[in-house]
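Pasting work-v5.txt here (compact mmCIF, C-alpha atoms):
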```txt
# COMPACT_ATOMS: atom_id res chain seq x y z
CA MET A 1 18.81 34.16 10.47
CA SER A 2 15.53 32.90 11.91
CA HIS A 3 12.69 35.35 12.31
CA PRO A 4 11.64 36.46 15.81
CA THR A 5 8.76 34.99 17.70
CA PRO A 6 5.51 36.85 16.92
CA GLU A 7 4.54 39.59 19.33
CA THR A 8 1.36 37.96 20.53
CA GLY A 9 0.29 34.41 21.19
CA SER A 10 -1.94 32.25 23.35
CA GLY A 11 -1.27 31.59 27.01
CA PRO A 12 1.40 32.81 29.41
CA ALA A 13 5.01 32.26 28.42
CA PRO A 14 8.32 33.51 29.81
CA LEU A 15 9.05 37.08 28.85
CA ARG A 16 11.95 37.86 26.53
CA PHE A 17 14.21 40.47 28.09
CA ALA A 18 16.53 42.76 26.13
CA TYR A 19 18.83 45.66 26.91
CA GLY A 20 19.08 48.88 24.93
CA THR A 21 22.34 49.77 23.23
CA ASN A 22 21.65 53.42 24.07
CA GLY A 23 22.64 52.36 27.59
CA LEU A 24 25.86 50.73 26.38
CA THR A 25 27.35 53.51 24.30
CA ASP A 26 30.82 53.09 25.82
CA LEU A 27 31.03 49.57 24.35
CA ARG A 28 31.66 48.50 20.79
CA LEU A 29 28.50 46.89 19.40
CA THR A 30 30.17 43.49 19.08
CA ASP A 31 31.25 43.69 22.72
CA ALA A 32 27.76 44.80 23.80
CA LEU A 33 26.13 41.86 22.04
CA ALA A 34 28.62 39.41 23.57
CA LEU A 35 27.96 40.88 27.02
CA LEU A 36 24.19 40.59 26.71
CA SER A 37 24.46 37.02 25.49
CA ASP A 38 26.78 36.06 28.34
CA LEU A 39 24.43 37.64 30.89
CA GLY A 40 21.51 35.62 29.55
CA TYR A 41 19.46 38.24 27.73
CA ASP A 42 17.13 37.11 24.97
CA GLY A 43 17.68 40.12 22.76
CA VAL A 44 18.87 43.65 22.19
CA SER A 45 17.11 46.94 21.53
CA LEU A 46 19.43 48.36 18.88
CA THR A 47 19.52 52.15 18.55
CA LEU A 48 20.83 53.17 15.14
CA ASP A 49 23.56 55.67 16.02
CA HIS A 50 27.07 56.69 15.04
CA MET A 51 28.80 54.58 17.72
CA HIS A 52 27.06 51.34 16.82
CA LEU A 53 25.20 50.75 13.55
CA ASP A 54 25.36 54.19 11.92
CA PRO A 55 22.37 54.52 9.59
CA LEU A 56 23.96 57.36 7.59
CA ALA A 57 27.48 55.99 7.02
CA PRO A 58 28.44 54.20 3.78
CA ASP A 59 27.84 50.48 3.21
CA LEU A 60 24.86 50.23 5.55
CA ALA A 61 23.68 46.99 3.95
CA SER A 62 27.00 45.19 4.40
CA ARG A 63 27.41 46.47 7.96
CA THR A 64 23.88 45.31 8.73
CA ARG A 65 24.73 41.83 7.44
CA ARG A 66 27.65 41.69 9.86
CA VAL A 67 25.35 42.63 12.74
CA ALA A 68 22.88 39.97 11.61
CA ARG A 69 25.65 37.37 11.78
CA ASP A 70 26.58 38.51 15.29
CA LEU A 71 22.96 38.34 16.43
CA GLU A 72 22.66 34.82 15.08
CA ARG A 73 25.98 33.83 16.65
CA TYR A 74 24.86 35.04 20.06
CA GLY A 75 21.25 33.87 19.75
CA LEU A 76 19.79 37.34 20.28
CA GLY A 77 16.51 38.73 19.00
CA VAL A 78 16.41 42.39 18.04
CA ALA A 79 14.18 45.44 17.88
CA VAL A 80 15.37 48.53 16.01
CA GLU A 81 15.12 51.90 17.78
CA THR A 82 15.48 55.35 16.24
CA GLY A 83 15.89 57.55 19.33
CA ALA A 84 19.52 58.55 18.76
CA ARG A 85 19.91 62.07 20.14
CA TYR A 86 22.15 63.70 17.53
CA VAL A 87 22.35 61.34 14.58
CA LEU A 88 20.59 63.79 12.22
CA ASP A 89 21.54 67.14 13.76
CA ALA A 90 24.78 67.41 15.72
CA ARG A 91 23.57 70.48 17.61
CA ARG A 92 19.88 69.87 18.39
CA LYS A 93 18.72 66.83 20.32
CA HIS A 94 16.26 64.58 18.44
CA HIS A 95 16.01 67.01 15.51
CA PRO A 96 14.66 67.20 12.95
CA THR A 97 11.34 65.52 13.74
CA LEU A 98 8.32 64.42 11.77
CA LEU A 99 6.71 67.72 12.78
CA ASP A 100 9.41 70.09 11.56
CA PRO A 101 7.91 73.03 9.60
CA ASP A 102 10.70 72.65 7.01
CA PRO A 103 9.72 69.95 4.47
CA GLN A 104 13.37 69.05 3.83
CA ALA A 105 13.96 68.58 7.54
CA ARG A 106 10.90 66.34 7.84
CA ALA A 107 12.15 64.38 4.84
CA ALA A 108 15.44 63.71 6.64
CA ARG A 109 13.57 62.10 9.54
CA VAL A 110 11.39 60.09 7.16
CA ASP A 111 14.51 58.90 5.34
CA LEU A 112 16.02 57.77 8.65
CA LEU A 113 12.88 55.79 9.46
CA LEU A 114 12.83 54.19 6.02
CA ARG A 115 16.46 53.18 6.50
CA ALA A 116 15.50 51.73 9.89
CA VAL A 117 12.73 49.69 8.28
CA ARG A 118 15.22 48.22 5.80
CA VAL A 119 17.69 47.45 8.59
CA ALA A 120 14.93 45.81 10.64
CA ALA A 121 13.87 43.66 7.71
CA ASP A 122 17.47 42.58 7.08
CA LEU A 123 17.97 41.74 10.79
CA GLY A 124 14.69 39.86 11.13
CA ALA A 125 13.47 42.37 13.71
CA ALA A 126 9.80 42.42 14.59
CA ALA A 127 9.50 46.17 15.13
CA VAL A 128 10.96 49.58 14.38
CA HIS A 129 10.47 52.17 17.12
CA CYS A 130 9.81 55.85 16.41
CA PHE A 131 8.29 58.97 17.98
CA SER A 132 6.48 62.13 16.90
CA GLY A 133 8.71 64.91 18.22
CA ALA A 134 7.67 67.95 20.19
CA LEU A 135 5.15 70.50 18.96
CA PRO A 136 7.13 73.23 17.13
CA PRO A 137 6.87 76.68 18.75
CA GLY A 138 3.90 78.63 17.47
CA GLU A 139 2.50 75.64 15.56
CA PRO A 140 -1.24 74.92 15.98
CA GLU A 141 -1.80 71.42 17.35
CA GLU A 142 -4.26 70.51 14.59
CA THR A 143 -1.67 71.39 11.95
CA ALA A 144 0.93 69.28 13.74
CA TRP A 145 -1.37 66.26 13.98
CA ARG A 146 -2.12 66.46 10.25
CA ARG A 147 1.58 66.76 9.51
CA LEU A 148 2.36 63.73 11.69
CA ALA A 149 -0.18 61.60 9.85
CA ASP A 150 1.11 62.78 6.48
CA THR A 151 4.75 62.02 7.31
CA ILE A 152 4.37 58.75 9.16
CA GLY A 153 1.86 57.24 6.74
CA PRO A 154 4.43 56.38 4.03
CA VAL A 155 6.73 54.88 6.68
CA ALA A 156 3.91 52.63 7.87
CA ASP A 157 3.32 51.59 4.25
CA ALA A 158 7.01 50.75 3.83
CA ALA A 159 6.98 48.78 7.08
CA ALA A 160 3.95 46.80 5.91
CA ALA A 161 5.69 45.96 2.64
CA ALA A 162 8.78 44.82 4.56
CA GLY A 163 6.80 42.75 7.07
CA VAL A 164 7.92 44.92 9.99
CA ALA A 165 5.73 46.68 12.55
CA LEU A 166 6.21 50.42 13.00
CA ALA A 167 5.91 50.91 16.76
CA VAL A 168 5.23 54.53 17.76
CA GLU A 169 6.30 55.53 21.26
CA PRO A 170 4.27 58.04 23.30
CA GLU A 171 6.96 60.32 24.69
CA PRO A 172 6.42 62.84 27.52
CA GLY A 173 6.78 66.35 26.15
CA HIS A 174 6.05 65.31 22.55
CA LEU A 175 2.92 65.92 20.51
CA LEU A 176 2.13 62.22 20.77
CA ALA A 177 2.75 61.95 24.50
CA ASP A 178 0.35 59.31 25.76
CA LEU A 179 -1.85 56.38 24.81
CA ALA A 180 -4.70 58.69 23.87
CA GLY A 181 -2.37 60.35 21.37
CA PHE A 182 -1.45 56.99 19.86
CA HIS A 183 -5.11 56.16 19.32
CA ARG A 184 -5.68 59.56 17.75
CA LEU A 185 -2.93 58.90 15.20
CA ARG A 186 -4.03 55.32 14.61
CA THR A 187 -7.59 56.46 13.90
CA ALA A 188 -6.46 59.30 11.63
CA LEU A 189 -4.50 56.82 9.50
CA GLY A 190 -7.38 54.37 9.25
CA ASP A 191 -5.93 51.85 11.72
CA PRO A 192 -3.24 50.34 9.44
CA ALA A 193 -2.10 46.89 10.47
CA ALA A 194 1.58 47.89 10.33
CA LEU A 195 1.15 50.72 12.86
CA GLY A 196 1.69 49.51 16.40
CA LEU A 197 2.78 50.84 19.75
CA THR A 198 6.01 51.02 21.71
CA LEU A 199 4.83 50.91 25.31
CA ASP A 200 7.33 52.44 27.75
CA ILE A 201 6.42 51.23 31.25
CA GLY A 202 8.15 54.17 32.93
CA HIS A 203 6.21 56.63 30.82
CA CYS A 204 2.99 54.98 31.97
CA GLN A 205 4.04 55.61 35.57
CA CYS A 206 5.08 59.16 34.69
CA LEU A 207 1.90 60.49 33.12
CA GLU A 208 -0.85 57.99 32.27
CA PRO A 209 -3.97 58.18 34.48
CA ALA A 210 -4.05 54.39 34.93
CA PRO A 211 -1.35 52.28 36.67
CA PRO A 212 1.27 50.69 34.38
CA ALA A 213 -0.24 47.19 34.59
CA ALA A 214 -3.62 48.57 33.56
CA CYS A 215 -1.95 50.39 30.65
CA VAL A 216 -0.45 47.08 29.49
CA ARG A 217 -3.86 45.43 29.48
CA ALA A 218 -5.60 48.33 27.75
CA ALA A 219 -2.94 48.69 25.06
CA ALA A 220 -2.30 44.98 24.49
CA PRO A 221 -3.85 44.68 21.01
CA TRP A 222 -1.43 47.28 19.63
CA VAL A 223 1.78 46.66 21.59
CA ARG A 224 4.64 45.62 19.31
CA HIS A 225 7.61 46.68 21.45
CA VAL A 226 8.12 47.33 25.17
CA GLN A 227 10.64 49.51 26.95
CA ILE A 228 11.06 49.16 30.69
CA GLU A 229 12.76 51.03 33.52
CA ASP A 230 11.78 52.53 36.85
CA MET A 231 10.26 56.02 37.10
CA ARG A 232 8.40 58.34 39.45
CA ARG A 233 5.02 59.93 38.96
CA GLY A 234 5.27 63.23 37.10
CA VAL A 235 9.06 63.05 36.58
CA HIS A 236 10.39 61.93 33.21
CA GLU A 237 13.65 60.39 34.40
CA HIS A 238 14.67 56.85 33.46
CA LEU A 239 15.84 55.17 36.66
CA PRO A 240 17.48 51.83 37.50
CA PHE A 241 15.08 49.28 38.93
CA GLY A 242 14.30 49.93 42.57
CA ASP A 243 15.02 53.67 42.38
CA GLY A 244 11.48 54.64 41.33
CA GLU A 245 7.89 53.86 42.26
CA ILE A 246 6.78 51.08 39.91
CA ASP A 247 5.47 47.77 41.26
CA PHE A 248 6.87 45.47 38.59
CA PRO A 249 5.37 42.00 39.23
CA PRO A 250 1.86 43.15 38.19
CA VAL A 251 3.32 44.75 35.07
CA LEU A 252 5.17 41.62 34.02
CA GLU A 253 2.18 39.45 34.83
CA ALA A 254 0.01 41.69 32.62
CA LEU A 255 2.49 41.31 29.74
CA ARG A 256 2.47 37.54 30.17
CA ALA A 257 -1.31 37.30 30.56
CA THR A 258 -1.99 39.36 27.45
CA GLY A 259 0.26 37.09 25.39
CA TYR A 260 2.99 39.58 24.53
CA ARG A 261 5.84 37.83 22.70
CA GLY A 262 8.08 40.71 21.71
CA LEU A 263 11.15 41.96 23.52
CA VAL A 264 10.97 43.78 26.85
CA GLY A 265 13.92 46.14 26.52
CA VAL A 266 15.60 47.86 29.46
CA GLU A 267 15.95 51.57 28.65
CA LEU A 268 18.63 53.38 30.66
CA PRO A 269 20.14 55.80 28.13
CA ARG A 270 21.84 58.04 30.70
CA HIS A 271 23.65 55.24 32.50
CA SER A 272 26.17 54.02 29.95
CA HIS A 273 29.03 54.73 32.34
CA ALA A 274 27.75 51.79 34.40
CA GLY A 275 26.19 49.85 31.54
CA PRO A 276 27.68 46.37 32.04
CA GLU A 277 26.88 46.25 35.76
CA LEU A 278 23.40 47.73 35.28
CA ALA A 279 22.68 45.21 32.53
CA ARG A 280 23.58 42.43 34.97
CA ALA A 281 21.54 43.88 37.84
CA SER A 282 18.56 44.70 35.62
CA LEU A 283 18.17 41.17 34.31
CA ARG A 284 18.43 39.76 37.83
CA PHE A 285 15.75 42.22 39.02
CA LEU A 286 13.38 41.46 36.14
CA ARG A 287 13.67 37.71 36.51
CA ASP A 288 13.02 38.02 40.26
CA ALA A 289 9.99 40.21 39.52
CA GLU A 290 8.70 37.74 36.93
CA ARG A 291 9.12 34.93 39.44
CA ALA A 292 7.26 36.96 42.07
CA ALA A 293 4.46 37.57 39.57
CA SER A 294 4.07 33.86 38.89
CA GLU A 295 4.00 33.21 42.65
CA GLY A 296 1.29 35.74 43.38
CA GLY A 297 2.48 39.27 42.57
CA ILE A 298 4.76 39.91 45.58
CA ARG A 299 6.31 43.37 45.30
CA CYS A 300 10.05 43.34 44.48
```
Encoded form using structure tokens:
Amino acid sequence: MSHPTPETGSGPAPLRFAYGTNGLTDLRLTDALALLSDLGYDGVSLTLDHMHLDPLAPDLASRTRRVARDLERYGLGVAVETGARYVLDARRKHHPTLLDPDPQARAARVDLLLRAVRVAADLGAAAVHCFSGALPPGEPEETAWRRLADTIGPVADAAAAAGVALAVEPEPGHLLADLAGFHRLRTALGDPAALGLTLDIGHCQCLEPAPPAACVRAAAPWVRHVQIEDMRRGVHEHLPFGDGEIDFPPVLEALRATGYRGLVGVELPRHSHAGPELARASLRFLRDAERAASEGGIRC
């Protein structure tokens, strides 16, 4: 399988759109990949989860090879995401985290991320997405930040050895919630080359002080993966395009102008019931917005 195009390059180029499998959970993975290929997507944001590529089930390496063959067959690039809600704990969403006070619980999350790095390397993915988790109740923030650096550091080292970027996502409600938090972690770790950023455009609209297009430009040197959806200011709800407040042509133009070459993955994890139709409508919207950007930034 050929390796993906590097994340950055010189000069504007067409963006590479993907769709997240966390928004296609009612489909078998092989069917989801066939759908995205038929619709004209360039790639897939693959969430490691029990209904698709289960990272904890037996024979992960052989199952990953089968996915690699499907990706090559359909001509799809891939980014690996680790935001499965209950893959580690069937009763607590997104638990355990890298911040869990229990060392064994933290180790379970680290093990999942190390598995994701191996999967990403075997698939030829450019990036593995991850997040910090929320501040545990009663935990001092300084303690949590030290714990995050201690737990994520070895994962970044493993990613560097595998030639994969570890792309941390600022997540509303988490310890690392915004771009300032990403830079705090990056600085604490000594700015390792393997540590990059997952930039969620909706999250920028939700809570960053600057508009999403400005966030793209400011974060460009570190962006290794992009998630995209509509959203409203102050409300963390992933919305289909056109249902929120984001002006997308300037955002897409900023991604093009800064030379981003990774995948731009649609993230609609609560809309799987309408996944195939939303995948179709989303790609049409994004291509119209990209066209509007190249013609002068007309709002879509």
Hey, could you make a per-residue contact list for range 200-243 of chain A against range 151-169 of chain A with 10 Å as the cut-off, showing the nearest pair of atoms and its distance in Å to one decimal, counting only C-alpha atoms, sorted by chain and number, as a Markdown table?
```
| residue | atom | partner | partner_atom | distance |
| --- | --- | --- | --- | --- |
| A:Asp200 | CA | A:Glu169 | CA | 7.3 |
| A:His203 | CA | A:Glu169 | CA | 9.6 |
| A:Trp222 | CA | A:Ala167 | CA | 8.7 |
| A:Val223 | CA | A:Ala167 | CA | 7.6 |
| A:Arg224 | CA | A:Ala167 | CA | 6.0 |
| A:His225 | CA | A:Ala167 | CA | 6.5 |
| A:Val226 | CA | A:Glu169 | CA | 9.3 |
| A:Gln227 | CA | A:Glu169 | CA | 9.4 |
```
*Determine the nearest neighbour of Leu199 in chain A from the options A:Phe131, A:Pro240, A:Arg118, A:Pro136, counting only C-alpha atoms.*
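Closest to Leu199 in chain A of all the choices is A:Phe131.
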Tell me which residues come within 12 Å of (16.9, 53.7, 3.9), as a list in words, counting only C-alpha atoms in the file's coordinates. Leu48, Asp54, Pro55, Leu56, Ala57, Pro58, Asp59, Leu60, Ala61, Thr64, Ala107, Ala108, Arg109, Val110, Asp111, Leu112, Leu113, Leu114, Arg115, Ala116, Val117, Arg118, Val119, Ala120, Ala121, Asp122, Val155, Ala158 and Ala159 of chain A
Just-selected residues, C-alpha atoms written as an mmCIF file, keeping the file's coordinate frame:
```
data_model
loop_
_atom_site.group_PDB
_atom_site.id
_atom_site.type_symbol
_atom_site.label_atom_id
_atom_site.label_comp_id
_atom_site.auth_asym_id
_atom_site.auth_seq_id
_atom_site.Cartn_x
_atom_site.Cartn_y
_atom_site.Cartn_z
ATOM 1 C CA LEU A 48 20.830 53.170 15.140
ATOM 2 C CA ASP A 54 25.360 54.190 11.920
ATOM 3 C CA PRO A 55 22.370 54.520 9.590
ATOM 4 C CA LEU A 56 23.960 57.360 7.590
ATOM 5 C CA ALA A 57 27.480 55.990 7.020
ATOM 6 C CA PRO A 58 28.440 54.200 3.780
ATOM 7 C CA ASP A 59 27.840 50.480 3.210
ATOM 8 C CA LEU A 60 24.860 50.230 5.550
ATOM 9 C CA ALA A 61 23.680 46.990 3.950
ATOM 10 C CA THR A 64 23.880 45.310 8.730
ATOM 11 C CA ALA A 107 12.150 64.380 4.840
ATOM 12 C CA ALA A 108 15.440 63.710 6.640
ATOM 13 C CA ARG A 109 13.570 62.100 9.540
ATOM 14 C CA VAL A 110 11.390 60.090 7.160
ATOM 15 C CA ASP A 111 14.510 58.900 5.340
ATOM 16 C CA LEU A 112 16.020 57.770 8.650
ATOM 17 C CA LEU A 113 12.880 55.790 9.460
ATOM 18 C CA LEU A 114 12.830 54.190 6.020
ATOM 19 C CA ARG A 115 16.460 53.180 6.500
ATOM 20 C CA ALA A 116 15.500 51.730 9.890
ATOM 21 C CA VAL A 117 12.730 49.690 8.280
ATOM 22 C CA ARG A 118 15.220 48.220 5.800
ATOM 23 C CA VAL A 119 17.690 47.450 8.590
ATOM 24 C CA ALA A 120 14.930 45.810 10.640
ATOM 25 C CA ALA A 121 13.870 43.660 7.710
ATOM 26 C CA ASP A 122 17.470 42.580 7.080
ATOM 27 C CA VAL A 155 6.730 54.880 6.680
ATOM 28 C CA ALA A 158 7.010 50.750 3.830
ATOM 29 C CA ALA A 159 6.980 48.780 7.080
#
```
**Request:** Identify the residues around (18.1, 51.8, 22.0) within a radius of 6 Å, measuring from only C-alpha atoms in the coordinates stated by the file, and give them as an NGL selection string.
**Result:** :A and (20-22 or 45-47 or 81)
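Going from CA of Gly190 in chain A over to CA of Cys215 in chain A, you cover 22.4 Å.
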Atom-to-atom span, CA of Ala68 in chain A and CA of Gly40 in chain A, Å
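Going from CA of Ala68 in chain A over to CA of Gly40 in chain A, I get 18.5 Å.
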For Gly138 in chain A, the nearest of the candidates A:Pro14, A:Pro101, A:Gly275, A:Pro209, counting all atoms listed in the file: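 Distance minimum relative to Gly138 in chain A lands on A:Pro101.
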| message | Report, in Å to a single decimal, how far apart CA of Asp38 in chain A and CA of His129 in chain A are. | response |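 According to the coordinates, CA of His129 in chain A and CA of Asp38 in chain A are separated by 25.5 Å.
You can rank A:Leu29, A:Leu207, A:Ala90, A:Leu278 by their closest distance to Val67 in chain A using only C-alpha atoms, and at the top of that list sits A:Leu29.
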Across A:Ala218, A:Ala79, A:Ile201, A:Ala210, the smallest distance to Gly124 in chain A, with all atoms listed in the file counted, is shown by A:Ala79
Discussion item. Residues near Asp31 in chain A, anyone? I mean within 12 Å using all atoms listed in the file, not counting same-chain ones fewer than 2 positions away, as a PyMOL selection string.
Written reply: chain A and resi 21+24-29+33-38+52+67+70-71+74+275-276
Could you save those same residues with C-alpha atoms as a PDB file, keeping the file's coordinate frame?
```pdb
ATOM      1  CA  THR A  21      22.340  49.770  23.230  1.00  0.00           C
ATOM      2  CA  LEU A  24      25.860  50.730  26.380  1.00  0.00           C
ATOM      3  CA  THR A  25      27.350  53.510  24.300  1.00  0.00           C
ATOM      4  CA  ASP A  26      30.820  53.090  25.820  1.00  0.00           C
ATOM      5  CA  LEU A  27      31.030  49.570  24.350  1.00  0.00           C
ATOM      6  CA  ARG A  28      31.660  48.500  20.790  1.00  0.00           C
ATOM      7  CA  LEU A  29      28.500  46.890  19.400  1.00  0.00           C
ATOM      8  CA  LEU A  33      26.130  41.860  22.040  1.00  0.00           C
ATOM      9  CA  ALA A  34      28.620  39.410  23.570  1.00  0.00           C
ATOM     10  CA  LEU A  35      27.960  40.880  27.020  1.00  0.00           C
ATOM     11  CA  LEU A  36      24.190  40.590  26.710  1.00  0.00           C
ATOM     12  CA  SER A  37      24.460  37.020  25.490  1.00  0.00           C
ATOM     13  CA  ASP A  38      26.780  36.060  28.340  1.00  0.00           C
ATOM     14  CA  HIS A  52      27.060  51.340  16.820  1.00  0.00           C
ATOM     15  CA  VAL A  67      25.350  42.630  12.740  1.00  0.00           C
ATOM     16  CA  ASP A  70      26.580  38.510  15.290  1.00  0.00           C
ATOM     17  CA  LEU A  71      22.960  38.340  16.430  1.00  0.00           C
ATOM     18  CA  TYR A  74      24.860  35.040  20.060  1.00  0.00           C
ATOM     19  CA  GLY A 275      26.190  49.850  31.540  1.00  0.00           C
ATOM     20  CA  PRO A 276      27.680  46.370  32.040  1.00  0.00           C
TER      21      PRO A 276
END
```
- Rank A:Arg287, A:His271, A:Arg280, A:Arg147 by their smallest atom-to-atom distance to His238 in chain A, using all atoms listed in the file, and report the top residue only.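 Closest residue, counting all atoms listed in the file: A:His271.
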Contacts of Leu179 in chain A within 8 Å, all atoms listed in the file, excl. fewer than 3 positions in-chain, as number ranges by chain: A: 170, 182-183, 208, 219
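For the set A:Pro140, A:Pro212, A:Gly296, A:Gly202, the residue with the smallest atom-to-atom gap to Val266 in chain A is A:Gly202, counting all atoms listed in the file.
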Write out as a PDB file with C-alpha atoms, in the frame of the given file each polymer residue whose atoms come within 9 Å of Ala188 in chain A, counting all atoms listed in the file; drop sequence neighbours fewer than 2 positions from it.
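Saved result, part-v5.pdb, follows:
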```
ATOM      1  CA  TRP A 145      -1.370  66.260  13.980  1.00  0.00           C
ATOM      2  CA  ARG A 146      -2.120  66.460  10.250  1.00  0.00           C
ATOM      3  CA  ALA A 149      -0.180  61.600   9.850  1.00  0.00           C
ATOM      4  CA  HIS A 183      -5.110  56.160  19.320  1.00  0.00           C
ATOM      5  CA  ARG A 184      -5.680  59.560  17.750  1.00  0.00           C
ATOM      6  CA  LEU A 185      -2.930  58.900  15.200  1.00  0.00           C
ATOM      7  CA  ARG A 186      -4.030  55.320  14.610  1.00  0.00           C
ATOM      8  CA  GLY A 190      -7.380  54.370   9.250  1.00  0.00           C
ATOM      9  CA  ASP A 191      -5.930  51.850  11.720  1.00  0.00           C
TER      10      ASP A 191
END
```
Would you compute, for all listed atoms of range 267-277 of chain A, the axis-aligned bounding box grown by 6 Å on each side, and then report its centre and edge lengths in Å rounded to one decimal, as JSON?
```
{"center_x": 22.5, "center_y": 52.1, "center_z": 31.9, "size_x": 25.1, "size_y": 23.8, "size_z": 19.6}
```
